[in-house]
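Student: Take a look at this one; I'll ask things after.
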Amino acid sequence: MDDDSLFTERTKIENLVTVLESTDATIVGGDVPLRGQFCYFIGKLTCVKTTEHKTDLILQNSVIYEVLEHFPKCYRLDIVPNFFISTKESIISSGGWDEDLFVMEHEDFFLRQIYNGHKVVFCQDVRIEHVQLVDFIRLKRLVLQNYHLQNGMAKNGFSDFRHVH
């Protein structure tokens, strides 16, 4: 969770805990709406070989594998927003966050969850608000975004990264 997140009456972390404890999920995330809309950063991560024998990473937004039994507003997928809970063991076994990545650190983290066989769930009925401010850190990150994006892709052997809606 980011430091500029705001808890509301829909921030029911206990619901995420229930899903984590009663299913085989190792990460359970909630919704972080963008400008009041449903979160755009959930879905399926797919690696695709190109005709040039390179590998692209594609985030297929809102693509799910299945609806969880007994939890009709929770879905199995590959990546959730920056609002989730997890078992400590799954974070440690996959190496945690790569502090050298400033862009694509989220995708890198969830790729390692997939590689380690961890199960990721998104619950749309649990929500946190994101009150993002424009400050020096974010402005600096925007200026260096392309540089860090290239580093993140190179670390994982990708030639391109794109979102598909």
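Please note that chains go A, B, ... in the order of the structure tokens, that every chain numbers its residues from 1, and that ligands are numbered from 1 in the order shown.
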List as a list in words the protein and nucleic acid residues near A:Val103, meaning an atom at most 10 Å away when only C-alpha atoms are counted, but skip any in the same chain fewer than 5 places from it.
Tutor: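 Residues near the query, excluding close chain neighbours: Asp108, Arg141, Leu142, Leu144, Gln145, Asn146, Tyr147, His148, Leu149, Gln150, Asn151, Gly152 and Met153 of chain A.
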Student: Using only C-alpha atoms, determine which residues lie at most 6 Å from A:Gln124, disregarding the query and same-chain residues fewer than 3 positions distant; provide the list as a PyMOL selection string.
Tutor: chain A and resi 30-31+73
Student: State, in Å with one decimal place, the distance from atom CA of A:Phe161 to atom CA of A:Leu68.
Tutor: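 We find that atom CA of A:Phe161 and atom CA of A:Leu68 lie 28.5 Å from each other.
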Student: From the options A:Asp98, A:Asp78, A:Asp125, A:Glu52, which residue's atoms come nearest to A:Leu16, counting only C-alpha atoms?
Tutor: A:Asp125
Student: What's the 10 Å shell around A:Val164, counting only C-alpha atoms, without same-chain residues fewer than 4 positions away, as a VMD selection string?
Tutor: chain A and resid 43 to 44 58 to 63
Student: Among stretch 73-132 of chain A, which ones does DSSP place in strand (DSSP E or B), written as an mmCIF file with N, CA and C atoms, in the first residue's frame?
Tutor:
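Saved the output as selection_24.cif:
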```
data_model
loop_
_atom_site.group_PDB
_atom_site.id
_atom_site.type_symbol
_atom_site.label_atom_id
_atom_site.label_comp_id
_atom_site.auth_asym_id
_atom_site.auth_seq_id
_atom_site.Cartn_x
_atom_site.Cartn_y
_atom_site.Cartn_z
ATOM 1 N N LYS A 73 -17.350 -11.886 -5.483
ATOM 2 C CA LYS A 73 -16.725 -10.634 -5.921
ATOM 3 C C LYS A 73 -15.204 -10.715 -5.873
ATOM 4 N N CYS A 74 -14.686 -11.939 -5.819
ATOM 5 C CA CYS A 74 -13.237 -12.161 -5.785
ATOM 6 C C CYS A 74 -12.839 -13.045 -6.960
ATOM 7 N N TYR A 75 -11.708 -12.692 -7.592
ATOM 8 C CA TYR A 75 -11.307 -13.334 -8.840
ATOM 9 C C TYR A 75 -9.840 -13.746 -8.792
ATOM 10 N N ARG A 76 -9.548 -14.904 -9.351
ATOM 11 C CA ARG A 76 -8.156 -15.341 -9.473
ATOM 12 C C ARG A 76 -7.573 -14.721 -10.743
ATOM 13 N N LEU A 77 -6.389 -14.127 -10.600
ATOM 14 C CA LEU A 77 -5.695 -13.483 -11.719
ATOM 15 C C LEU A 77 -4.209 -13.436 -11.395
ATOM 16 N N ILE A 79 -2.139 -10.281 -11.268
ATOM 17 C CA ILE A 79 -1.598 -9.041 -10.703
ATOM 18 C C ILE A 79 -2.723 -8.197 -10.125
ATOM 19 N N PHE A 84 -2.767 -4.929 -0.965
ATOM 20 C CA PHE A 84 -2.985 -6.362 -0.805
ATOM 21 C C PHE A 84 -2.375 -6.847 0.501
ATOM 22 N N ILE A 85 -2.817 -8.038 0.906
ATOM 23 C CA ILE A 85 -2.210 -8.733 2.033
ATOM 24 C C ILE A 85 -1.667 -10.050 1.499
ATOM 25 N N SER A 86 -0.763 -10.629 2.257
ATOM 26 C CA SER A 86 -0.121 -11.849 1.794
ATOM 27 C C SER A 86 0.404 -12.641 2.969
ATOM 28 N N VAL A 120 -2.882 -15.525 -6.761
ATOM 29 C CA VAL A 120 -3.237 -14.124 -6.532
ATOM 30 C C VAL A 120 -4.743 -13.965 -6.732
ATOM 31 N N VAL A 121 -5.370 -13.232 -5.819
ATOM 32 C CA VAL A 121 -6.817 -13.001 -5.863
ATOM 33 C C VAL A 121 -7.088 -11.503 -5.716
ATOM 34 N N PHE A 122 -8.077 -11.015 -6.462
ATOM 35 C CA PHE A 122 -8.530 -9.629 -6.380
ATOM 36 C C PHE A 122 -9.980 -9.629 -5.911
ATOM 37 N N CYS A 123 -10.293 -8.828 -4.887
ATOM 38 C CA CYS A 123 -11.658 -8.702 -4.373
ATOM 39 C C CYS A 123 -12.142 -7.275 -4.620
ATOM 40 N N GLN A 124 -13.098 -7.136 -5.512
ATOM 41 C CA GLN A 124 -13.549 -5.805 -5.907
ATOM 42 C C GLN A 124 -14.414 -5.121 -4.857
ATOM 43 N N ASP A 125 -14.878 -5.855 -3.857
ATOM 44 C CA ASP A 125 -15.737 -5.244 -2.844
ATOM 45 C C ASP A 125 -14.950 -4.663 -1.670
ATOM 46 N N VAL A 126 -13.623 -4.739 -1.724
ATOM 47 C CA VAL A 126 -12.773 -4.111 -0.715
ATOM 48 C C VAL A 126 -11.995 -3.017 -1.432
ATOM 49 N N ARG A 127 -12.041 -1.824 -0.888
ATOM 50 C CA ARG A 127 -11.495 -0.683 -1.621
ATOM 51 C C ARG A 127 -10.735 0.254 -0.695
ATOM 52 N N GLU A 129 -8.913 4.281 -1.079
ATOM 53 C CA GLU A 129 -8.801 5.449 -1.959
ATOM 54 C C GLU A 129 -7.337 5.846 -2.090
ATOM 55 N N HIS A 130 -6.969 6.310 -3.255
ATOM 56 C CA HIS A 130 -5.600 6.745 -3.513
ATOM 57 C C HIS A 130 -5.630 8.257 -3.736
#
```
Student: Between atom CA of A:Glu21 and atom CA of A:Phe109, what is the distance in Å, rounded to a tenth?
Tutor: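 Answer for the atom CA of A:Glu21 to atom CA of A:Phe109 separation: 21.6 Å.
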Student: Please determine, counting only C-alpha atoms, which residue among A:Val19, A:Ser159, A:Asp100, A:Thr51 has the shortest atom-to-atom distance to A:Pro72.
Tutor: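 With only C-alpha atoms as the atom set, the closest residue is A:Val19.
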Student: Name all residues at most 12 Å from A:Ser22 (count only C-alpha atoms; drop same-chain ones fewer than 3 positions away) and give them as a VMD selection string.
Tutor: chain A and resid 15 to 19 25 to 26 28 68 to 71
Student: So that I can check the surroundings of A:Lys88, please list as a PyMOL selection string every protein, DNA and RNA residue that reaches within 12 Å of it, counting only C-alpha atoms and ignoring chain neighbours fewer than 6 positions away.
Tutor: chain A and resi 20+26-27+94-96
Student: Just the number, please: distance in Å from atom CA of A:Ser90 to atom CA of A:Phe110, one decimal.
Tutor: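 Separating atom CA of A:Ser90 from atom CA of A:Phe110 is a distance of 11.0 Å.
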Student: Counting only C-alpha atoms, figure out which residue out of A:His163, A:Lys49, A:Lys155, A:His118 gets nearest to A:Asp24.
Tutor: A:His118
Student: Here is a test: counting only C-alpha atoms, which residue of A:Ile128, A:Ile114, A:Leu101, A:Ile137 is nearest to A:Thr46?
Tutor: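 Smallest separation from A:Thr46 among the options: A:Ile114.
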Student: Quick one: residues within 7 Å of A:Val80, only C-alpha atoms, excluding same-chain residues fewer than 3 positions away - as number ranges by chain?
Tutor: A: 29, 41-42, 122
Student: Among stretch 104-138 of chain A, which ones does DSSP place in alpha helix (DSSP H), written as a short mmCIF file (atom, residue, chain, number, x, y, z; two decimals) with C-alpha atoms, in the first residue's frame?
Tutor:
```cif
data_model
loop_
_atom_site.label_atom_id
_atom_site.label_comp_id
_atom_site.auth_asym_id
_atom_site.auth_seq_id
_atom_site.Cartn_x
_atom_site.Cartn_y
_atom_site.Cartn_z
CA GLU A 105 8.79 -3.07 -9.62
CA HIS A 106 5.14 -4.07 -9.26
CA GLU A 107 5.10 -6.19 -12.41
CA ASP A 108 8.45 -7.73 -11.44
CA PHE A 109 7.09 -8.66 -7.99
CA PHE A 110 3.99 -10.35 -9.41
CA LEU A 111 5.94 -12.16 -12.13
CA ARG A 112 8.02 -13.73 -9.37
CA GLN A 113 4.80 -14.73 -7.58
CA ILE A 114 3.71 -16.54 -10.76
CA TYR A 115 7.13 -18.19 -11.18
CA PHE A 136 9.12 16.14 -5.89
CA ILE A 137 9.48 12.34 -5.66
CA ARG A 138 6.71 11.69 -8.20
#
```
